[in-house]
Amino acid sequence: MRGVARRSALTVSGLVLGLSGLLTSTAAASEGWQLEQPLDSTANRIYFGVTATGANDAWTVGSAWTGSAEVPVAVHWDGTKWADTITAPVTGTRLSDVSASAPDNVWVAGDRTTEAGTRRPARLPRAAGPRAAASTSTVIQRWDGKAWTDVEHPKPPAGMDGFPVDIAAFSPSSVWLVSSDFDPKTGTSAYHLEHWTGKAWEPVEIPQVGARPLQPTRVSGTGDDDLWVSAAATTDGKETPFLLHWDGKSWRQVEVPVPSEYRTGWLVNHVVPDGRGSVYVVGRVNEWNPTGIPAFVTRWDGQKWAPLAASPFDEINAAALDGSGKLWTAGWVPGDAHILMAVWNGTEWRKDALPPEVAKTAEGSSILGFTGVPGTPGVLAAGLGSSGGLQSTWGVIASLGLR
């Protein structure tokens, strides 16, 4: 199976190719998007993930480049300000995913390299910038309301690199993780679903599809009895996407309908729960580069599929519901190095853009994470602006509907 986990990160480098003005059809940022931090305070950062448990508790995580080393970043919103927190002391680390069930139960996933300070802050199979031969492993940390602690995770097999793909935290004793072991010699990955029980990470077997190995790609849910896992089965280089649901006792498996036949198949890169028992599934054709074929979004209500209108993007880089339940997505259109957003209003997609400060500062931009803010109609977006092929970066966190 091709690199589902790495594809969204690869777009970080792709976003800096070319530059043009925003589409005239794009809604103006005056409709409400605001930068949460001035860009001059986030230079040399990338924000990969974002989560919120309420209007007074939100997090964005990523990494910063000091000029000689890459260091993890975890920034907390307490209702009045964003402030850096001190992560567990692990060097050469970037934090790429974050999930929280409560203000005192926040989990982050990332990766660390044995050659600290030799790579630039972009999560790529072969990272941009100089990198010596090194092994990479998954790193997990937890915030208990007062401090970050490192949670041990098994190292990948010898000769393999370990990466996190997706994480979903429901309690201190229940966290779900999709991770991958990447073989740099063959360029192939093996994906795993794991469950933290409060004491250890336990592998979780998912139902298979005949003789075709079914590998997990994403995980999300509203709780341990309403868990969604996307997966893919590969035959002769062609991927078929599946959706699995865990109700706390057993798995149910359904094949995800795709818009058309494609020679290398389709894959799912986001699953967004829509209340208990229903979920949005977001996917694209199984190709590394933009194809011009729109990404697809479909909704499973537990009994049947309901496809949405074609996405305005050929790949959706991030997706989530806002606090009022509307689905937000982010991606690019041809000829524009700055990412756009699109919200589903029930009948069509309405495009929107980041605040204009991003385009004034950076040649390109990306949103790598969305989250709704419980108790509000709002949504947070996290990512970066960049120039010079990632030689210059600015962490971007923007909000809509919070104030």
# chains A, B, ... in the order shown; residues from 1 in each chain; ligands from 1
call {"tool": "residues_around", "arguments": {"residues": "region 134-150 of chain A", "least_positions_apart": "3", "cutoff": "6 Å", "atoms": "only C-alpha atoms", "output": "mmCIF file with all heavy atoms, in the first residue's frame"}}
result
data_model
loop_
_atom_site.group_PDB
_atom_site.id
_atom_site.type_symbol
_atom_site.label_atom_id
_atom_site.label_comp_id
_atom_site.auth_asym_id
_atom_site.auth_seq_id
_atom_site.Cartn_x
_atom_site.Cartn_y
_atom_site.Cartn_z
ATOM 1 N N THR A 87 7.549 20.299 26.602
ATOM 2 C CA THR A 87 7.284 18.890 26.333
ATOM 3 C C THR A 87 8.308 18.014 27.035
ATOM 4 O O THR A 87 9.311 18.494 27.565
ATOM 5 C CB THR A 87 7.316 18.616 24.825
ATOM 6 O OG1 THR A 87 8.608 18.970 24.318
ATOM 7 C CG2 THR A 87 6.253 19.444 24.111
ATOM 8 N N ALA A 88 8.028 16.710 27.047
ATOM 9 C CA ALA A 88 8.982 15.775 27.637
ATOM 10 C C ALA A 88 10.326 15.892 26.913
ATOM 11 O O ALA A 88 10.368 16.170 25.715
ATOM 12 C CB ALA A 88 8.440 14.350 27.536
ATOM 13 N N ASP A 104 -7.254 17.578 31.107
ATOM 14 C CA ASP A 104 -6.166 16.852 31.762
ATOM 15 C C ASP A 104 -5.901 15.501 31.106
ATOM 16 O O ASP A 104 -5.315 14.606 31.723
ATOM 17 C CB ASP A 104 -6.461 16.663 33.248
ATOM 18 C CG ASP A 104 -7.738 15.883 33.500
ATOM 19 O OD1 ASP A 104 -8.468 15.575 32.524
ATOM 20 O OD2 ASP A 104 -8.026 15.582 34.665
ATOM 21 N N ASN A 105 -6.320 15.361 29.851
ATOM 22 C CA ASN A 105 -6.035 14.122 29.119
ATOM 23 C C ASN A 105 -5.817 14.449 27.645
ATOM 24 O O ASN A 105 -6.707 14.303 26.816
ATOM 25 C CB ASN A 105 -7.164 13.099 29.274
ATOM 26 C CG ASN A 105 -6.785 11.749 28.683
ATOM 27 O OD1 ASN A 105 -5.746 11.186 29.014
ATOM 28 N ND2 ASN A 105 -7.628 11.232 27.798
ATOM 29 N N VAL A 106 -4.623 14.927 27.347
ATOM 30 C CA VAL A 106 -4.235 15.330 25.999
ATOM 31 C C VAL A 106 -3.089 14.441 25.546
ATOM 32 O O VAL A 106 -2.095 14.282 26.269
ATOM 33 C CB VAL A 106 -3.803 16.814 25.970
ATOM 34 C CG1 VAL A 106 -3.533 17.256 24.542
ATOM 35 C CG2 VAL A 106 -4.866 17.699 26.624
ATOM 36 N N TRP A 107 -3.221 13.854 24.364
ATOM 37 C CA TRP A 107 -2.210 12.934 23.842
ATOM 38 C C TRP A 107 -1.664 13.465 22.526
ATOM 39 O O TRP A 107 -2.425 13.933 21.675
ATOM 40 C CB TRP A 107 -2.801 11.542 23.633
ATOM 41 C CG TRP A 107 -3.121 10.834 24.918
ATOM 42 C CD1 TRP A 107 -4.132 11.128 25.784
ATOM 43 C CD2 TRP A 107 -2.422 9.731 25.482
ATOM 44 N NE1 TRP A 107 -4.108 10.279 26.861
ATOM 45 C CE2 TRP A 107 -3.075 9.398 26.701
ATOM 46 C CE3 TRP A 107 -1.326 8.974 25.083
ATOM 47 C CZ2 TRP A 107 -2.651 8.344 27.509
ATOM 48 C CZ3 TRP A 107 -0.897 7.920 25.890
ATOM 49 C CH2 TRP A 107 -1.561 7.622 27.086
ATOM 50 N N VAL A 108 -0.360 13.385 22.376
ATOM 51 C CA VAL A 108 0.271 13.769 21.120
ATOM 52 C C VAL A 108 1.095 12.604 20.601
ATOM 53 O O VAL A 108 1.628 11.795 21.370
ATOM 54 C CB VAL A 108 1.173 15.015 21.278
ATOM 55 C CG1 VAL A 108 0.348 16.233 21.654
ATOM 56 C CG2 VAL A 108 2.284 14.777 22.284
ATOM 57 N N ALA A 109 1.180 12.526 19.283
ATOM 58 C CA ALA A 109 1.994 11.512 18.623
ATOM 59 C C ALA A 109 2.938 12.216 17.664
ATOM 60 O O ALA A 109 2.585 13.221 17.039
ATOM 61 C CB ALA A 109 1.113 10.516 17.873
ATOM 62 N N GLY A 110 4.126 11.696 17.558
ATOM 63 C CA GLY A 110 5.107 12.257 16.643
ATOM 64 C C GLY A 110 6.183 11.241 16.339
ATOM 65 O O GLY A 110 5.993 10.035 16.532
ATOM 66 N N ASP A 111 7.312 11.720 15.845
ATOM 67 C CA ASP A 111 8.431 10.815 15.591
ATOM 68 C C ASP A 111 9.726 11.486 15.985
ATOM 69 O O ASP A 111 9.857 12.708 15.974
ATOM 70 C CB ASP A 111 8.452 10.364 14.126
ATOM 71 C CG ASP A 111 8.588 11.521 13.157
ATOM 72 O OD1 ASP A 111 9.725 11.946 12.923
ATOM 73 O OD2 ASP A 111 7.564 12.015 12.644
ATOM 74 N N ARG A 112 10.683 10.679 16.385
ATOM 75 C CA ARG A 112 12.009 11.165 16.766
ATOM 76 C C ARG A 112 13.054 10.429 15.939
ATOM 77 O O ARG A 112 12.886 9.265 15.559
ATOM 78 C CB ARG A 112 12.275 10.953 18.256
ATOM 79 C CG ARG A 112 12.289 9.507 18.690
ATOM 80 C CD ARG A 112 12.922 9.322 20.082
ATOM 81 N NE ARG A 112 12.124 9.893 21.141
ATOM 82 C CZ ARG A 112 11.283 9.187 21.909
ATOM 83 N NH1 ARG A 112 11.108 7.896 21.680
ATOM 84 N NH2 ARG A 112 10.617 9.774 22.882
ATOM 85 N N THR A 113 14.141 11.128 15.646
ATOM 86 C CA THR A 113 15.234 10.522 14.905
ATOM 87 C C THR A 113 16.458 10.414 15.797
ATOM 88 O O THR A 113 16.665 11.237 16.694
ATOM 89 C CB THR A 113 15.580 11.335 13.643
ATOM 90 O OG1 THR A 113 16.702 10.741 12.994
ATOM 91 C CG2 THR A 113 15.910 12.772 13.992
ATOM 92 N N THR A 114 17.283 9.409 15.546
ATOM 93 C CA THR A 114 18.497 9.236 16.333
ATOM 94 C C THR A 114 19.561 10.253 15.962
ATOM 95 O O THR A 114 20.540 10.402 16.670
ATOM 96 C CB THR A 114 19.076 7.824 16.133
ATOM 97 O OG1 THR A 114 19.318 7.607 14.726
ATOM 98 C CG2 THR A 114 18.122 6.770 16.654
ATOM 99 N N GLU A 115 19.355 10.962 14.835
ATOM 100 C CA GLU A 115 20.300 11.999 14.423
ATOM 101 C C GLU A 115 19.652 13.352 14.647
ATOM 102 O O GLU A 115 19.171 14.001 13.724
ATOM 103 C CB GLU A 115 20.696 11.819 12.945
ATOM 104 C CG GLU A 115 21.479 10.552 12.674
ATOM 105 C CD GLU A 115 22.870 10.610 13.278
ATOM 106 O OE1 GLU A 115 23.381 11.729 13.473
ATOM 107 O OE2 GLU A 115 23.437 9.550 13.560
ATOM 108 N N LYS A 155 9.587 0.119 19.664
ATOM 109 C CA LYS A 155 10.392 0.561 18.543
ATOM 110 C C LYS A 155 10.074 -0.273 17.300
ATOM 111 O O LYS A 155 9.643 -1.429 17.408
ATOM 112 C CB LYS A 155 11.877 0.447 18.884
ATOM 113 C CG LYS A 155 12.318 1.417 19.969
ATOM 114 C CD LYS A 155 13.821 1.309 20.218
ATOM 115 C CE LYS A 155 14.263 2.316 21.277
ATOM 116 N NZ LYS A 155 15.716 2.252 21.539
ATOM 117 N N ASP A 161 11.712 2.372 9.851
ATOM 118 C CA ASP A 161 11.406 3.633 10.515
ATOM 119 C C ASP A 161 9.968 3.590 11.000
ATOM 120 O O ASP A 161 9.074 3.128 10.278
ATOM 121 C CB ASP A 161 11.572 4.819 9.567
ATOM 122 C CG ASP A 161 13.031 5.119 9.255
ATOM 123 O OD1 ASP A 161 13.886 4.728 10.055
ATOM 124 O OD2 ASP A 161 13.293 5.748 8.213
ATOM 125 N N GLY A 162 9.738 4.093 12.220
ATOM 126 C CA GLY A 162 8.391 4.099 12.778
ATOM 127 C C GLY A 162 7.783 5.496 12.759
ATOM 128 O O GLY A 162 8.449 6.478 13.097
ATOM 129 N N PHE A 163 6.511 5.580 12.336
ATOM 130 C CA PHE A 163 5.807 6.852 12.274
ATOM 131 C C PHE A 163 4.390 6.682 12.819
ATOM 132 O O PHE A 163 3.758 5.645 12.602
ATOM 133 C CB PHE A 163 5.700 7.357 10.827
ATOM 134 C CG PHE A 163 7.008 7.692 10.183
ATOM 135 C CD1 PHE A 163 7.678 6.751 9.404
ATOM 136 C CD2 PHE A 163 7.572 8.948 10.341
ATOM 137 C CE1 PHE A 163 8.881 7.060 8.805
ATOM 138 C CE2 PHE A 163 8.780 9.261 9.735
ATOM 139 C CZ PHE A 163 9.440 8.315 8.963
ATOM 140 N N PRO A 164 3.843 7.708 13.482
ATOM 141 C CA PRO A 164 2.417 7.690 13.807
ATOM 142 C C PRO A 164 1.613 8.154 12.602
ATOM 143 O O PRO A 164 2.114 8.914 11.766
ATOM 144 C CB PRO A 164 2.312 8.709 14.947
ATOM 145 C CG PRO A 164 3.358 9.715 14.603
ATOM 146 C CD PRO A 164 4.498 8.933 13.977
#
call {"tool": "residues_around", "arguments": {"residues": "His245 (chain A)", "least_positions_apart": "4", "cutoff": "9 Å", "atoms": "only C-alpha atoms", "output": "list in words"}}
result
Asp225, Asp226, Leu227, Trp228, Val229, Ser230, Ser250, Trp251, Arg252, Gln253, Val254 and Gly277 of chain A
call {"tool": "write_last_selection", "arguments": {"atoms": "N, CA, C and O atoms", "output": "PDB file, in the first residue's frame"}}
result
ATOM      1  N   ASP A 225     -17.007   2.609  22.232  1.00  0.00           N
ATOM      2  CA  ASP A 225     -18.086   1.821  21.649  1.00  0.00           C
ATOM      3  C   ASP A 225     -18.621   2.460  20.375  1.00  0.00           C
ATOM      4  O   ASP A 225     -19.695   2.118  19.901  1.00  0.00           O
ATOM      5  N   ASP A 226     -17.865   3.414  19.826  1.00  0.00           N
ATOM      6  CA  ASP A 226     -18.245   4.058  18.564  1.00  0.00           C
ATOM      7  C   ASP A 226     -16.970   4.503  17.863  1.00  0.00           C
ATOM      8  O   ASP A 226     -16.710   5.681  17.691  1.00  0.00           O
ATOM      9  N   LEU A 227     -16.170   3.505  17.468  1.00  0.00           N
ATOM     10  CA  LEU A 227     -14.854   3.731  16.884  1.00  0.00           C
ATOM     11  C   LEU A 227     -14.897   3.461  15.390  1.00  0.00           C
ATOM     12  O   LEU A 227     -15.464   2.455  14.948  1.00  0.00           O
ATOM     13  N   TRP A 228     -14.288   4.375  14.620  1.00  0.00           N
ATOM     14  CA  TRP A 228     -14.235   4.231  13.169  1.00  0.00           C
ATOM     15  C   TRP A 228     -12.792   4.071  12.720  1.00  0.00           C
ATOM     16  O   TRP A 228     -11.916   4.827  13.147  1.00  0.00           O
ATOM     17  N   VAL A 229     -12.557   3.093  11.860  1.00  0.00           N
ATOM     18  CA  VAL A 229     -11.232   2.857  11.298  1.00  0.00           C
ATOM     19  C   VAL A 229     -11.374   2.723   9.797  1.00  0.00           C
ATOM     20  O   VAL A 229     -12.203   1.935   9.309  1.00  0.00           O
ATOM     21  N   SER A 230     -10.625   3.506   9.045  1.00  0.00           N
ATOM     22  CA  SER A 230     -10.565   3.292   7.600  1.00  0.00           C
ATOM     23  C   SER A 230      -9.411   2.349   7.309  1.00  0.00           C
ATOM     24  O   SER A 230      -8.431   2.280   8.056  1.00  0.00           O
ATOM     25  N   SER A 250     -17.819  -5.928  18.780  1.00  0.00           N
ATOM     26  CA  SER A 250     -17.505  -6.587  17.515  1.00  0.00           C
ATOM     27  C   SER A 250     -17.289  -5.543  16.419  1.00  0.00           C
ATOM     28  O   SER A 250     -17.692  -4.381  16.549  1.00  0.00           O
ATOM     29  N   TRP A 251     -16.650  -6.011  15.334  1.00  0.00           N
ATOM     30  CA  TRP A 251     -16.384  -5.161  14.184  1.00  0.00           C
ATOM     31  C   TRP A 251     -17.461  -5.348  13.123  1.00  0.00           C
ATOM     32  O   TRP A 251     -17.960  -6.451  12.913  1.00  0.00           O
ATOM     33  N   ARG A 252     -17.791  -4.257  12.458  1.00  0.00           N
ATOM     34  CA  ARG A 252     -18.597  -4.306  11.246  1.00  0.00           C
ATOM     35  C   ARG A 252     -17.781  -3.676  10.125  1.00  0.00           C
ATOM     36  O   ARG A 252     -17.155  -2.639  10.312  1.00  0.00           O
ATOM     37  N   GLN A 253     -17.805  -4.304   8.960  1.00  0.00           N
ATOM     38  CA  GLN A 253     -16.976  -3.859   7.851  1.00  0.00           C
ATOM     39  C   GLN A 253     -17.837  -3.603   6.619  1.00  0.00           C
ATOM     40  O   GLN A 253     -18.704  -4.415   6.269  1.00  0.00           O
ATOM     41  N   VAL A 254     -17.621  -2.446   5.974  1.00  0.00           N
ATOM     42  CA  VAL A 254     -18.314  -2.139   4.720  1.00  0.00           C
ATOM     43  C   VAL A 254     -17.305  -1.575   3.732  1.00  0.00           C
ATOM     44  O   VAL A 254     -16.359  -0.884   4.117  1.00  0.00           O
ATOM     45  N   GLY A 277     -22.659   6.778  15.555  1.00  0.00           N
ATOM     46  CA  GLY A 277     -23.188   5.880  14.542  1.00  0.00           C
ATOM     47  C   GLY A 277     -23.106   6.363  13.117  1.00  0.00           C
ATOM     48  O   GLY A 277     -23.502   5.631  12.211  1.00  0.00           O
TER      49      GLY A 277
END
call {"tool": "closest_residue", "arguments": {"among": "A:Ser311, A:Gln303, A:Thr393, A:Asn286", "to": "Tyr262 (chain A)", "atoms": "only C-alpha atoms"}}
result
A:Asn286
call {"tool": "select_by_dssp", "arguments": {"residues": "region 184-362 of chain A", "states": "alpha helix (DSSP H)", "output": "list in words"}}
result
Pro356, Glu357, Val358, Ala359, Lys360 and Thr361 of chain A
call {"tool": "closest_atom_pairs", "arguments": {"of": "region 190-261 of chain A", "to": "region 266-276 of chain A", "cutoff": "8 Å", "atoms": "only C-alpha atoms", "output": "CSV"}}
result
residue,atom,partner,partner_atom,distance
A:Thr217,CA,A:Asn269,CA,7.0
A:Arg218,CA,A:His270,CA,6.5
A:Val219,CA,A:Val271,CA,7.0
A:Ser220,CA,A:Val271,CA,6.5
A:Gly221,CA,A:Pro273,CA,5.8
A:Thr222,CA,A:Arg276,CA,6.5
A:Asp226,CA,A:Arg276,CA,6.5
A:Trp228,CA,A:Val271,CA,7.3
A:Val229,CA,A:Val271,CA,7.6
A:Ser230,CA,A:Val268,CA,6.5
A:Ala231,CA,A:Val268,CA,7.4
A:Ala232,CA,A:Leu267,CA,6.7
A:Lys238,CA,A:Trp266,CA,7.8
A:Glu239,CA,A:Trp266,CA,5.7
A:Thr240,CA,A:Trp266,CA,6.1
A:Pro241,CA,A:Leu267,CA,5.3
A:Val258,CA,A:Trp266,CA,7.1
